[in-house]
$ cat work13.txt   # compact mmCIF, C-alpha atoms
# COMPACT_ATOMS: atom_id res chain seq x y z
CA MET A 6 0.00 0.00 0.00
CA TYR A 7 2.78 2.40 0.91
CA LEU A 8 4.49 1.90 -2.45
CA ILE A 9 1.28 2.79 -4.25
CA TYR A 10 1.24 6.10 -2.42
CA ARG A 11 4.72 6.80 -3.69
CA LEU A 12 3.86 6.01 -7.29
CA TYR A 13 0.63 7.99 -7.77
CA PRO A 14 -0.30 11.58 -7.14
CA VAL A 15 -1.82 11.96 -3.74
CA TYR A 16 -5.07 13.51 -4.85
CA ARG A 17 -5.87 10.49 -7.00
CA ILE A 18 -4.79 7.94 -4.46
CA SER A 19 -6.82 9.61 -1.74
CA ARG A 20 -9.96 8.91 -3.80
CA ILE A 21 -9.11 5.23 -4.03
CA TYR A 22 -7.61 4.55 -0.60
CA PRO A 23 -8.20 6.82 2.36
CA LEU A 24 -4.85 8.22 3.40
CA PRO A 25 -3.58 7.19 6.81
CA GLU A 26 -3.12 10.09 9.18
CA ASP A 27 0.66 10.08 8.92
CA ALA A 28 1.07 9.28 5.26
CA MET A 29 1.26 12.92 4.18
CA PHE A 30 4.59 13.36 5.91
CA LYS A 31 6.19 10.25 4.46
CA ILE A 32 5.09 10.62 0.86
CA THR A 33 7.81 12.07 -1.29
CA THR A 34 5.98 14.38 -3.66
CA PRO A 35 7.68 16.90 -5.89
CA ASP A 36 8.62 19.88 -3.78
CA PRO A 37 7.79 22.98 -5.84
CA GLY A 38 10.01 26.01 -5.45
CA LEU A 39 7.14 27.88 -3.85
CA ILE A 40 7.04 25.39 -0.98
CA SER A 41 10.82 25.48 -0.47
CA LEU A 42 10.74 29.26 -0.51
CA SER A 43 7.80 29.34 1.91
CA THR A 44 9.48 26.92 4.30
CA SER A 45 12.75 28.87 4.25
CA THR A 46 10.91 32.14 4.82
CA TYR A 47 8.99 30.64 7.72
CA GLN A 48 12.22 29.36 9.24
CA LEU A 49 13.56 32.91 9.07
CA LEU A 50 10.42 34.19 10.77
CA LEU A 51 10.95 31.66 13.58
CA THR A 52 14.04 33.60 14.67
CA PHE A 53 11.70 36.25 16.11
CA TYR A 54 10.47 33.83 18.79
CA PRO A 55 12.35 33.66 22.10
CA ASN A 56 15.43 31.40 21.87
CA ARG A 57 14.17 28.85 24.35
CA PHE A 58 10.79 28.49 22.65
CA ARG A 59 12.45 28.24 19.23
CA ARG A 60 14.92 25.62 20.41
CA GLU A 61 12.12 23.56 21.90
CA TYR A 62 9.48 23.86 19.18
CA GLY A 63 11.04 25.64 16.15
CA ALA A 64 11.84 22.48 14.17
CA HIS A 65 8.36 21.07 14.82
CA MET A 66 6.68 24.33 13.83
CA ALA A 67 8.68 24.41 10.57
CA GLN A 68 7.73 20.80 9.92
CA VAL A 69 4.04 21.48 10.54
CA PHE A 70 4.18 24.56 8.32
CA ARG A 71 5.77 22.51 5.53
CA ASP A 72 3.02 19.90 5.89
CA CYS A 73 0.45 22.69 5.64
CA CYS A 74 2.17 24.05 2.52
CA LEU A 75 2.20 20.63 0.83
CA ASN A 76 -1.42 20.00 1.66
CA THR A 77 -2.56 23.47 0.59
CA TYR A 78 -0.57 23.41 -2.63
CA ARG A 79 -2.04 20.04 -3.58
CA GLN A 80 -5.56 21.16 -2.85
CA SER A 81 -5.59 24.78 -4.01
CA GLY A 82 -2.33 25.59 -5.77
CA SER A 83 -0.72 29.03 -5.57
CA PRO A 84 -3.91 30.97 -4.58
CA GLY A 85 -4.29 28.61 -1.62
CA MET A 86 -0.69 29.34 -0.65
CA LEU A 87 -1.49 33.05 -0.50
CA ALA A 88 -4.37 32.37 1.89
CA LEU A 89 -2.12 30.10 3.98
CA TRP A 90 0.52 32.81 4.20
CA ALA A 91 -2.06 35.40 5.29
CA LEU A 92 -3.22 33.11 8.10
CA THR A 93 0.34 32.15 9.04
CA LEU A 94 1.59 35.75 9.15
CA PHE A 95 -1.28 36.74 11.41
CA ASP A 96 -0.60 33.74 13.64
CA TRP A 97 3.15 34.47 13.63
CA PHE A 98 2.70 38.14 14.57
CA LYS A 99 0.26 37.36 17.39
CA THR A 100 2.25 34.48 18.89
CA VAL A 101 5.66 36.18 18.64
CA ILE A 102 4.27 38.98 20.81
CA GLU A 103 2.67 36.46 23.21
CA GLU A 104 5.82 34.37 23.59
CA GLN A 105 8.07 37.39 24.00
CA LEU A 106 5.77 38.75 26.72
CA ASN A 107 5.69 35.30 28.37
CA ARG A 108 9.47 35.18 28.32
CA GLU A 109 9.64 38.56 30.07
CA THR A 110 7.16 37.40 32.71
CA GLU A 111 8.99 34.11 33.22
CA MET A 112 12.33 35.89 33.54
CA THR A 113 10.98 38.44 36.00
CA ASN A 114 9.30 35.72 38.04
CA SER A 115 12.38 33.53 38.05
CA LYS A 116 14.62 36.45 39.06
CA PHE A 117 12.26 37.36 41.87
CA ILE A 118 12.21 33.76 43.15
CA ARG A 119 16.00 33.60 43.12
CA LEU A 120 16.22 36.95 44.93
CA SER A 121 13.64 35.89 47.50
CA GLY A 122 15.72 32.77 48.22
CA TRP A 123 18.75 34.96 48.87
CA ALA A 124 16.56 37.27 50.97
CA MET A 125 15.81 34.31 53.26
CA ILE A 126 19.49 33.51 53.59
CA VAL A 127 20.31 37.12 54.52
CA ALA A 128 17.28 37.10 56.85
CA ALA A 129 18.83 34.13 58.66
CA VAL A 130 22.02 36.12 59.22
CA SER A 131 19.95 39.11 60.41
CA MET A 132 18.15 36.86 62.89
CA LEU A 133 21.48 35.82 64.38
CA LEU A 134 22.58 39.45 64.50
CA THR A 135 19.33 40.23 66.33
CA PHE A 136 20.30 37.78 69.05
CA LEU A 137 23.84 39.14 69.19
CA ALA A 138 22.56 42.72 69.38
CA ASP A 139 21.52 42.01 72.91
CA SER A 140 20.36 45.25 74.52
CA ASP A 141 22.61 44.78 77.60
CA LYS A 142 25.71 44.60 75.46
CA ILE A 143 24.67 47.65 73.44
CA GLN A 144 23.91 49.49 76.65
CA ARG A 145 27.36 48.66 78.02
CA GLY A 146 28.82 49.96 74.73
CA LEU A 147 26.91 53.23 75.21
CA TYR A 148 28.35 53.54 78.71
CA GLN A 149 31.84 53.08 77.33
CA VAL A 150 31.38 55.68 74.59
CA PHE A 151 29.32 58.31 76.41
CA GLY A 152 30.08 57.49 80.05
CA LEU A 153 27.81 56.19 82.79
CA PRO A 154 24.47 57.99 83.14
CA THR A 155 24.14 59.99 86.30
CA THR A 156 20.33 60.24 86.46
CA THR A 157 17.37 57.84 86.09
CA ALA A 158 16.33 59.73 82.96
CA GLY A 159 19.80 59.11 81.57
CA TYR A 160 19.49 55.37 82.16
CA GLU A 161 16.05 55.34 80.48
CA SER A 162 17.41 57.25 77.54
CA TYR A 163 20.29 54.77 77.09
CA GLN A 164 17.82 51.87 77.43
CA SER A 165 15.56 53.36 74.75
CA ILE A 166 18.47 53.85 72.32
CA SER A 167 19.79 50.33 72.87
CA ASP A 168 16.33 48.82 72.33
CA ARG A 169 16.03 50.59 69.00
CA VAL A 170 19.52 49.54 67.87
CA ALA A 171 18.73 45.93 68.75
CA LEU A 172 15.54 46.12 66.70
CA MET A 173 17.31 47.15 63.48
CA PRO A 174 18.59 43.70 62.38
CA PHE A 175 15.24 42.24 63.45
CA PHE A 176 13.45 44.77 61.20
CA PHE A 177 15.58 43.67 58.23
CA ALA A 178 15.07 40.02 59.09
CA ILE A 179 11.28 40.40 59.10
CA LEU A 180 11.37 42.43 55.88
CA LEU A 181 13.49 39.79 54.13
CA ILE A 182 11.44 36.86 55.46
CA THR A 183 8.30 38.59 54.10
CA VAL A 184 9.99 38.79 50.68
CA GLY A 185 10.96 35.12 51.05
CA LEU A 186 7.34 34.17 51.76
CA LEU A 187 6.27 35.98 48.58
CA GLY A 188 8.92 34.01 46.68
CA LEU A 189 7.69 30.72 48.17
CA ARG A 190 4.16 31.64 47.15
CA ALA A 191 5.25 32.52 43.60
CA ARG A 192 7.28 29.32 43.19
CA TYR A 193 5.25 26.68 45.02
CA GLY A 194 1.82 28.26 45.49
CA GLU A 195 0.28 26.53 42.46
CA GLN A 196 1.58 23.06 43.28
CA ALA A 197 0.93 23.30 47.01
CA GLY A 198 -2.71 24.34 46.56
CA ARG A 199 -5.12 27.02 47.71
CA ALA A 200 -4.75 26.47 51.47
CA ALA A 201 -0.97 26.79 51.18
CA ARG A 202 -1.32 30.01 49.17
CA MET A 203 -3.66 31.38 51.83
CA ALA A 204 -1.25 30.42 54.62
CA LEU A 205 1.62 32.18 52.87
CA GLY A 206 -0.64 35.17 52.16
CA ALA A 207 -1.48 35.38 55.87
CA GLY A 208 2.24 35.10 56.64
CA VAL A 209 3.01 38.01 54.30
CA LEU A 210 0.28 40.12 55.93
CA GLY A 211 1.70 39.23 59.35
CA GLY A 212 5.16 40.28 58.19
CA VAL A 213 3.88 43.60 56.84
CA ALA A 214 1.91 44.26 60.06
CA GLY A 215 5.04 43.40 62.06
CA LEU A 216 7.10 45.91 60.08
CA VAL A 217 4.45 48.63 60.52
CA ASN A 218 4.34 48.01 64.26
CA MET A 219 8.11 47.99 64.43
CA GLY A 220 8.08 51.39 62.71
CA VAL A 221 5.61 52.63 65.30
CA LEU A 222 7.85 51.22 68.04
CA PHE A 223 10.82 53.11 66.58
CA MET A 224 8.81 56.29 66.93
CA GLY A 225 8.52 55.62 70.65
CA LEU A 226 5.03 54.11 71.05
CA GLU A 227 5.77 51.20 73.38
CA ASN A 228 2.22 49.78 73.03
CA ALA A 229 3.12 48.61 69.52
CA TRP A 230 5.43 45.97 71.02
CA THR A 231 2.64 43.44 71.70
CA LEU A 232 1.08 43.95 68.28
CA MET A 233 4.47 43.54 66.65
CA ILE A 234 5.11 40.24 68.43
CA TYR A 235 1.66 38.88 67.49
CA SER A 236 2.09 40.00 63.87
CA ILE A 237 5.43 38.22 63.63
CA GLY A 238 3.78 35.19 65.23
CA VAL A 239 1.24 35.24 62.37
CA MET A 240 4.09 35.54 59.85
CA PHE A 241 5.93 32.48 61.18
CA GLY A 242 2.59 30.72 61.73
CA GLY A 243 1.79 31.16 58.02
CA LEU A 244 5.15 29.65 57.13
CA PHE A 245 4.51 26.75 59.53
CA VAL A 246 1.05 25.99 58.07
CA PHE A 247 2.49 26.15 54.54
CA GLY A 248 5.15 23.72 55.78
CA LEU A 249 2.54 21.27 57.04
CA ILE A 250 0.77 21.36 53.67
CA ALA A 251 4.13 21.02 51.89
CA LEU A 252 4.81 17.86 53.90
CA ARG A 253 1.64 16.37 52.41
CA ASN A 254 1.68 17.78 48.86
CA LYS A 255 5.48 17.81 48.33
CA PRO A 256 5.62 20.87 46.04
CA MET A 257 9.37 21.34 46.54
CA PRO A 258 12.02 19.19 44.84
CA ARG A 259 13.67 18.60 48.24
CA GLY A 260 13.46 19.86 51.82
CA ASN A 261 9.66 19.87 52.11
CA ALA A 262 10.04 19.77 55.91
CA LEU A 263 12.07 23.01 55.99
CA PRO A 264 9.18 25.54 56.00
CA ALA A 265 7.54 23.76 58.96
CA LEU A 266 10.85 23.56 60.83
CA ALA A 267 11.62 27.24 60.18
CA GLY A 268 8.11 28.39 61.06
CA PHE A 269 7.58 26.26 64.17
CA TRP A 270 9.75 27.88 66.84
CA PHE A 271 8.43 31.41 67.13
CA PRO A 272 4.69 30.52 67.42
CA PHE A 273 5.62 27.63 69.74
CA ILE A 274 7.40 29.88 72.23
CA MET A 275 4.65 32.51 71.94
CA ILE A 276 1.85 30.00 72.62
CA ARG A 277 3.84 28.44 75.46
CA ALA A 278 4.28 31.89 77.06
CA GLU A 279 0.56 32.66 76.65
CA VAL A 280 -0.50 29.34 78.20
CA TYR A 281 1.96 29.83 81.06
CA HIS A 282 0.54 33.31 81.66
CA LEU A 283 -3.04 32.00 81.62
CA VAL A 284 -2.23 29.24 84.10
CA THR A 285 0.10 31.05 86.52
CA GLY A 286 -0.78 34.70 85.92
CA VAL A 287 2.94 35.43 85.51
CA TRP A 288 4.76 36.04 82.22
CA LEU A 289 7.25 33.35 81.35
CA ASN A 290 10.83 34.47 81.49
CA VAL A 291 12.59 33.05 78.42
CA SER A 292 16.18 32.19 79.31
CA ASN A 293 19.13 33.25 77.19
CA TRP A 294 19.73 29.63 76.26
CA GLU A 295 16.15 29.22 75.02
CA SER A 296 16.36 32.48 73.18
CA PHE A 297 19.58 31.38 71.47
CA THR A 298 17.99 28.04 70.50
CA LEU A 299 15.04 29.88 68.98
CA PHE A 300 17.16 32.25 66.91
CA ALA A 301 19.70 29.59 65.91
CA ALA A 302 17.03 27.08 64.82
CA VAL A 303 15.04 29.68 62.88
CA SER A 304 18.21 30.98 61.21
CA PHE A 305 19.46 27.52 60.28
CA PHE A 306 16.21 26.34 58.70
CA LEU A 307 15.53 29.70 57.02
CA ALA A 308 18.97 29.70 55.41
CA TRP A 309 18.48 26.15 54.19
CA LEU A 310 15.01 26.96 52.86
CA GLY A 311 16.39 30.05 51.10
CA TYR A 312 19.13 27.94 49.55
CA VAL A 313 16.57 25.49 48.14
CA LEU A 314 14.36 28.32 46.87
CA GLN A 315 17.09 30.30 45.10
CA GLY A 316 18.20 27.17 43.26
CA ASP A 317 14.74 26.12 42.12
CA THR A 318 13.54 28.92 39.87
CA GLN A 319 12.35 26.76 36.94
CA MET B 7 7.99 15.73 40.59
CA ALA B 8 5.62 18.23 42.06
CA THR B 9 2.03 17.16 42.54
CA THR B 10 -0.57 19.37 40.92
CA THR B 11 -3.57 19.75 43.16
CA GLN B 12 -5.42 22.31 41.05
CA PRO B 13 -9.05 21.32 40.55
CA PRO B 14 -10.13 20.98 36.87
CA GLU B 15 -12.62 23.86 37.28
CA SER B 16 -9.78 26.29 38.01
CA PHE B 17 -8.68 26.01 34.34
CA LEU B 18 -12.07 27.12 33.00
CA PRO B 19 -13.05 28.72 30.73
CA LEU B 20 -10.54 27.31 28.24
CA THR B 21 -9.39 29.24 25.20
CA PRO B 22 -10.81 27.84 21.94
CA ALA B 23 -7.35 26.60 20.90
CA VAL B 24 -6.79 24.69 24.15
CA PHE B 25 -10.29 23.20 24.13
CA HIS B 26 -9.96 22.01 20.53
CA ILE B 27 -6.50 20.53 21.13
CA LEU B 28 -7.81 18.63 24.17
CA LEU B 29 -10.77 17.41 22.11
CA ALA B 30 -8.46 16.30 19.31
CA LEU B 31 -6.42 14.27 21.79
CA ALA B 32 -9.48 12.79 23.51
CA ASP B 33 -9.54 9.76 21.20
CA GLY B 34 -5.83 9.03 21.18
CA GLU B 35 -2.36 10.47 20.94
CA LYS B 36 -1.45 12.62 17.95
CA HIS B 37 1.39 14.72 16.62
CA GLY B 38 1.17 18.45 15.96
CA TYR B 39 0.05 18.36 12.34
CA ALA B 40 -2.55 15.65 13.03
CA ILE B 41 -3.95 17.81 15.85
CA MET B 42 -4.13 20.78 13.51
CA GLN B 43 -5.93 18.77 10.84
CA GLU B 44 -8.39 17.31 13.29
CA VAL B 45 -9.24 20.73 14.71
CA GLU B 46 -9.84 22.04 11.21
CA THR B 47 -12.05 19.04 10.37
CA ASN B 48 -13.96 19.15 13.67
CA THR B 49 -14.79 22.82 13.25
CA GLY B 50 -15.48 22.72 9.51
CA GLY B 51 -12.53 25.05 8.98
CA ALA B 52 -13.86 27.69 11.38
CA VAL B 53 -10.90 27.27 13.76
CA ASN B 54 -7.73 27.35 11.72
CA MET B 55 -4.79 27.60 14.08
CA GLY B 56 -1.28 28.25 12.84
CA PRO B 57 1.91 26.58 14.07
CA GLY B 58 2.56 29.42 16.57
CA THR B 59 -0.82 29.07 18.25
CA LEU B 60 -0.57 25.28 18.19
CA TYR B 61 2.85 24.99 19.80
CA GLY B 62 2.32 27.99 22.12
CA SER B 63 -0.79 26.23 23.45
CA ILE B 64 1.02 22.88 23.62
CA LYS B 65 3.82 24.48 25.65
CA ARG B 66 1.37 25.92 28.18
CA MET B 67 -0.69 22.71 28.33
CA LEU B 68 2.44 20.65 28.99
CA ALA B 69 3.42 23.04 31.77
CA ALA B 70 -0.06 22.84 33.30
CA GLY B 71 -0.03 19.03 33.13
CA LEU B 72 -3.03 18.82 30.78
CA ILE B 73 -1.13 16.87 28.13
CA ALA B 74 2.09 14.87 28.05
CA GLU B 75 4.57 13.83 25.41
CA THR B 76 4.63 10.17 24.54
CA ASP B 77 7.38 8.06 23.01
CA GLU B 78 5.02 5.48 21.61
CA ARG B 79 4.42 5.47 17.86
CA PRO B 80 1.26 4.02 16.27
CA ASP B 81 3.43 2.43 13.59
CA PRO B 82 7.11 3.39 13.57
CA THR B 83 7.56 2.21 9.96
CA LEU B 84 4.98 4.69 8.69
CA ASP B 85 6.17 7.62 10.73
CA ASP B 86 9.03 10.03 11.14
CA GLN B 87 10.80 9.53 14.48
CA ARG B 88 11.35 13.28 14.75
CA ARG B 89 7.67 13.90 15.29
CA ARG B 90 6.50 14.44 18.84
CA TYR B 91 3.29 12.78 19.91
CA TYR B 92 1.07 14.14 22.63
CA LYS B 93 -1.58 12.51 24.79
CA LEU B 94 -4.15 13.66 27.32
CA THR B 95 -3.24 13.30 31.00
CA GLY B 96 -5.80 12.40 33.65
CA LEU B 97 -6.09 16.07 34.58
CA GLY B 98 -6.45 17.03 30.89
CA GLY B 99 -9.33 14.55 30.57
CA GLN B 100 -11.07 16.03 33.62
CA VAL B 101 -10.57 19.57 32.33
CA VAL B 102 -11.97 18.88 28.86
CA GLU B 103 -14.94 17.11 30.46
CA ALA B 104 -15.55 20.05 32.81
CA GLU B 105 -15.36 22.51 29.90
CA ALA B 106 -17.74 20.40 27.79
CA GLN B 107 -20.20 20.31 30.70
CA ARG B 108 -19.88 24.07 31.14
CA LEU B 109 -20.64 24.62 27.45
CA ALA B 110 -23.51 22.12 27.56
CA ALA B 111 -25.00 24.01 30.51
CA LEU B 112 -24.77 27.24 28.50
CA VAL B 113 -26.54 25.60 25.57
CA MET B 114 -29.27 24.36 27.91
CA LEU B 115 -29.66 27.88 29.25
CA ALA B 116 -29.86 29.29 25.75
CA LYS B 117 -32.52 26.71 24.89
CA ALA B 118 -34.47 27.49 28.04
CA LYS B 119 -34.41 31.18 27.16
CA GLN B 120 -35.52 30.24 23.63
CA VAL B 121 -32.69 32.18 22.03
CA MET B 122 -32.11 29.18 19.77
CA ALA B 123 -35.65 29.18 18.45
CA TYR B 124 -34.72 30.99 15.26
CA GLY B 125 -32.89 28.71 12.93
CA LEU B 126 -30.79 26.83 15.44
CA GLY B 127 -33.11 25.29 18.01

$ encode --input "work13.txt" --output "structure tokens"
Amino acid sequence: MYLIYRLYPVYRISRIYPLPEDAMFKITTPDPGLISLSTSTYQLLLTFYPNRFRREYGAHMAQVFRDCCLNTYRQSGSPGMLALWALTLFDWFKTVIEEQLNRETEMTNSKFIRLSGWAMIVAAVSMLLTFLADSDKIQRGLYQVFGLPTTTAGYESYQSISDRVALMPFFFAILLITVGLLGLRARYGEQAGRAARMALGAGVLGGVAGLVNMGVLFMGLENAWTLMIYSIGVMFGGLFVFGLIALRNKPMPRGNALPALAGFWFPFIMIRAEVYHLVTGVWLNVSNWESFTLFAAVSFFLAWLGYVLQGDTQ
Amino acid sequence: MATTTQPPESFLPLTPAVFHILLALADGEKHGYAIMQEVETNTGGAVNMGPGTLYGSIKRMLAAGLIAETDERPDPTLDDQRRRYYKLTGLGGQVVEAEAQRLAALVMLAKAKQVMAYGLG
């Protein structure tokens, strides 16, 4: 049967034997100059598509276009080719713009995800700096530079300055973690599902609220402290819930436990302190050792999570 | 491999090109040109997509997990190995079904409102 196809013009054969779906590609029919010219021109037009798209699909698009040319030429001759070119040029113009815009979006998205991964790594360092910027040490530094205060007001003033200095790395850490949460949402939100996207969204809102309250605290309104702590609790809580969902849905190529491990500590210590306060009526005094464990664990898992995120932009 | 948990309804409404490609693949795997021909036949020539629209849609559908490439060939002796064949995934099947139901519901509504009484109904 296949030999018959090769020996007779296609239009006649197709009346006798229905052509199999793939026969058109295999049949070696005379290739008129118009078809060669059309195919070459189309291959030139393909250079306007983004490189990656062209590498992936260019050869197949040229092949399909050649099949279209052969089919059209057989059925309608040169006038049909004109109609095919009109359709193809319209399609080419529209899809070149679409693919170029897509490429821009993909590049921007992938750059943002990489940056957000690095933001998490820097946030981890800032968290450690926050622990190191212990207010007592800063206060002692102030004494050394400006001398010991002689009045109660002087002590309070030094205390206020040292509190603000200690908050600076924490401010940057929260800002960078918020960016990291946005990156996680952009990269894994689709795969992890709606609940995970909502958890990360809540985390981002918590981070933003924490930053606003920290700003208010900088301006001297001490009441903002509680709100700031709760907001940051929501931020880490969002990361923790996303982590729990990630453990089930596995949206990340590796380290699906990292978001839960990074998000766990802060809400855990907060809830423990609240429960302790409810039961005993006294606020829990977090020891230096506990505080160090909190900051070290959060920093370690955040840095690891950031490392995974910055390397998984595709 | 990441698991896609997106419900089929979240893809709706589909663009005409995506819907027709999914329909073309509903009865078996096909290569690009066969998809194009089937779409043209199914629509009586009304939808005539070019190679850019076809492969742009294929790229996005592969990324969304609606279709997948397949290495199997219906008959390797009758075919060029360079051709890529595509098939519907489970999610793609659910999405095309959901879209067909959505369109059917619209037709029912149009019938109920008697807007198809003149010439079409």

$ closest_atom_pairs --input "work13.txt" --of "chain A" --to "chain B" --cutoff "6 Å" --atoms "all atoms listed in the file" --output "tab-separated table"
residue	atom	partner	partner_atom	distance
A:Met66	CA	B:Pro57	CA	5.3
A:Val69	CA	B:Tyr39	CA	5.4
A:Thr93	CA	B:Gly56	CA	5.7
A:Asp96	CA	B:Gly56	CA	5.6
A:Trp97	CA	B:Gly58	CA	5.9
A:Thr100	CA	B:Gly58	CA	5.6
A:Gln196	CA	B:Thr10	CA	4.9
A:Gly198	CA	B:Thr11	CA	5.8
A:Pro256	CA	B:Ala8	CA	4.8

$ axis_aligned_box --input "work13.txt" --around "range 180-187 of chain A" --padding-each-side "6 Å" --output "lines of an AutoDock Vina configuration file"
center_x = 9.9
center_y = 38.3
center_z = 52.2
size_x = 19.2
size_y = 20.3
size_z = 19.3

$ closest_residue --input "work13.txt" --among "A:Met257, A:Ala267, A:Leu89, A:Val101" --to "Glu195 in chain A" --atoms "only C-alpha atoms"
A:Met257

$ atom_distance --input "work13.txt" --atom1 "CA of Asp33 in chain B" --atom2 "CA of Lys117 in chain B"
28.8 Å

$ residues_near_point --input "work13.txt" --point "(21.5, 33.0, 44.0)" --cutoff "10 Å" --atoms "all atoms listed in the file" --output "PyMOL selection string"
chain A and resi 116+118-124+126+311-318

$ atom_distance --input "work13.txt" --atom1 "CA of Phe306 in chain A" --atom2 "CA of Gly248 in chain A"
11.7 Å

$ atom_distance --input "work13.txt" --atom1 "CA of Pro14 in chain B" --atom2 "CA of Val102 in chain B"
8.5 Å

$ closest_residue --input "work13.txt" --among "B:Glu46, B:Leu29, B:Leu109, B:Glu103" --to "Cys73 in chain A" --atoms "only C-alpha atoms"
B:Glu46

$ closest_residue --input "work13.txt" --among "B:Val53, B:Leu28, B:Arg66, B:Ala116" --to "Gly96 in chain B" --atoms "all atoms listed in the file"
B:Leu28

$ residues_around --input "work13.txt" --residues "range 102-104 of chain A" --least-positions-apart "5" --cutoff "8 Å" --atoms "all atoms listed in the file" --output "count of residues only"
4

$ residues_around --input "work13.txt" --residues "Gly85 in chain A" --least-positions-apart "3" --cutoff "12 Å" --atoms "all atoms listed in the file" --output "list in words"
Leu39, Ile40, Cys73, Cys74, Leu75, Asn76, Thr77, Tyr78, Arg79, Gln80, Ser81, Gly82, Ala88, Leu89, Trp90, Ala91 and Leu92 of chain A

$ residues_around --input "work13.txt" --residues "Val101 in chain B" --least-positions-apart "4" --cutoff "8 Å" --atoms "only C-alpha atoms" --output "JSON, numbers by chain"
{"B": [14, 15, 17, 18, 72, 97, 105]}

$ write_last_selection --input "work13.txt" --atoms "C-alpha atoms" --output "PDB file, in the frame of the given file"
ATOM      1  CA  PRO B  14     -10.130  20.980  36.870  1.00  0.00           C
ATOM      2  CA  GLU B  15     -12.620  23.860  37.280  1.00  0.00           C
ATOM      3  CA  PHE B  17      -8.680  26.010  34.340  1.00  0.00           C
ATOM      4  CA  LEU B  18     -12.070  27.120  33.000  1.00  0.00           C
ATOM      5  CA  LEU B  72      -3.030  18.820  30.780  1.00  0.00           C
ATOM      6  CA  LEU B  97      -6.090  16.070  34.580  1.00  0.00           C
ATOM      7  CA  GLU B 105     -15.360  22.510  29.900  1.00  0.00           C
TER       8      GLU B 105
END
